[in-house]
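Just below is one structure, and these are the notes that go with it.
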There are 2 protein chains.
Amino acid sequence: MPTPHYGQPRYRAIAEELRERIESGAIPPGALLPTESILTAEFRASRGTIRQAIAVLREAALVVTEHGRGTYASLRPKVGRAVTGGRAEARPQEVAADPELAALFSVEVGTALVEHQSIDRRDGVVQAVVRTYRLLRPNQ
Amino acid sequence: MPTPHYGQPRYRAIAEELRERIESGAIPPGALLPTESILTAEFRASRGTIRQAIAVLREAALVVTEHGRGTYASLRPKVGRAVTGGRAEARPQEVAADPELAALFSVEVGTALVEHQSIDRRDGVVQAVVRTYRLLRPNQ
DNA sequence: AGAAATTTGTCCGTATGTATC
DNA sequence: AGATACATACGGACAAATTTC
């Protein structure tokens, strides 16, 4: 079998399909995904490709994998706009760069950065807090 | 050849070695890393293993790979010296809630949260750093 | 402009190691 | 101990993007 992946690679297509199942609730939060072996059979793909697909979901924090156990659907599907009141507030503010941010932005520790904070709530309960950091004035 | 990986897997050891070369300046910022083919010969490892090692560096934002071109060392500063617990960037990571996060999540200050950091970069230059915080155990 | 070489991307099949049940 | 499931590693083949000639 050749390797035709015009446009979308197989592993991404498979990741999409699995993402659908998770976000739709077909695979409920906390539940185990089918084993790599089963997915291999279902999608008629090699195990490496299946693992690549799962890696995409892991990167997206949609699943968590445990050695010898399996891969679980994350307890936190869809962070996006919940139809019911998942509104996010923003609050620009200047903060001092911690060592890691300083290294990333190539500035001195303590340099002022702009912090943008948004909050994802569901039914009034804070689900996630997102902080975005940028330079006051981009260098380079 | 068997696959003994007591403790450290091969690909992580190779990633460590390459990380050394980058952080020491042996591979200066912006420079191309040796091709996968060359690394395969040097480390006597399969291409898959080399690619896995490079994936680790990519995850740590130490390199950027471009299709058909090669893998570049990131333009990040060698400031990453002070290693006072300052990890380059482990992916999902547990951190202690600061007062503001603690208030938002309704937990005690210092409670462990999961931090996920992603970096938006253009041409190797960091544009923005996004940190997302969530509870370890979502308490509905 | 076009062809070839180079380099990374995707995919397969197999084998073995390690963790969990 | 045995079975199950994920992790690591190898080798081969072809696709796609880039560079070189």
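By order in the structure tokens, chains are A, B, ...; within a chain, residues start at 1; ligands start at 1, following the order shown.
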
With a distance cut-off of 10 Å and only C-alpha atoms (C1' of nucleotides), select the neighbouring residues of range 4-12 of chain C, excluding the residue or stretch itself and same-chain residues fewer than 4 positions from it, and output the selection as a ChimeraX atom specification. /A:1-5,9-11,45-49 /B:35-37,51,65-71 /D:12-21

Counting only C-alpha atoms, which residues from chain B have an atom at most 6 Å from any atom of chain A, and could you show them as a short mmCIF file (atom, residue, chain, number, x, y, z; two decimals) with N, CA and C atoms, in the first residue's frame?
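Everything below was put into part.cif:
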data_model
loop_
_atom_site.label_atom_id
_atom_site.label_comp_id
_atom_site.auth_asym_id
_atom_site.auth_seq_id
_atom_site.Cartn_x
_atom_site.Cartn_y
_atom_site.Cartn_z
N PRO B 77 17.59 32.97 23.47
CA PRO B 77 18.83 33.44 24.10
C PRO B 77 19.46 32.34 24.92
N PHE B 105 -10.46 29.77 41.31
CA PHE B 105 -10.85 28.36 41.34
C PHE B 105 -11.47 27.96 42.68
N VAL B 126 9.35 34.47 19.28
CA VAL B 126 8.18 34.28 20.13
C VAL B 126 7.26 35.49 20.07
N ALA B 128 3.86 35.27 21.35
CA ALA B 128 3.02 35.24 22.54
C ALA B 128 3.18 33.91 23.26
N VAL B 129 3.00 33.96 24.55
CA VAL B 129 3.04 32.75 25.36
C VAL B 129 1.69 32.63 26.06
N VAL B 130 1.08 31.49 25.91
CA VAL B 130 -0.24 31.29 26.49
C VAL B 130 -0.17 30.22 27.57
N ARG B 131 -0.63 30.56 28.73
CA ARG B 131 -0.64 29.60 29.83
C ARG B 131 -2.08 29.34 30.26
N THR B 132 -2.43 28.11 30.25
CA THR B 132 -3.79 27.73 30.64
C THR B 132 -3.73 26.95 31.95
N TYR B 133 -4.58 27.35 32.86
CA TYR B 133 -4.60 26.69 34.16
C TYR B 133 -5.93 25.97 34.38
N ARG B 134 -5.82 24.77 34.91
CA ARG B 134 -7.02 24.02 35.24
C ARG B 134 -6.81 23.27 36.54
#

Work out how far apart CA of Ala15 in chain A and CA of Glu42 in chain A are and give it in Å to one decimal.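 Result for CA of Ala15 in chain A versus CA of Glu42 in chain A: 13.2 Å, one decimal.
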
Surrounding residues of Leu57 in chain B excluding itself and chain neighbours under 2 positions, 10 Å, only C-alpha atoms (C1' of nucleotides), as a ChimeraX atom specification: /B:12,15-16,18-19,51-55,59-64,73-74
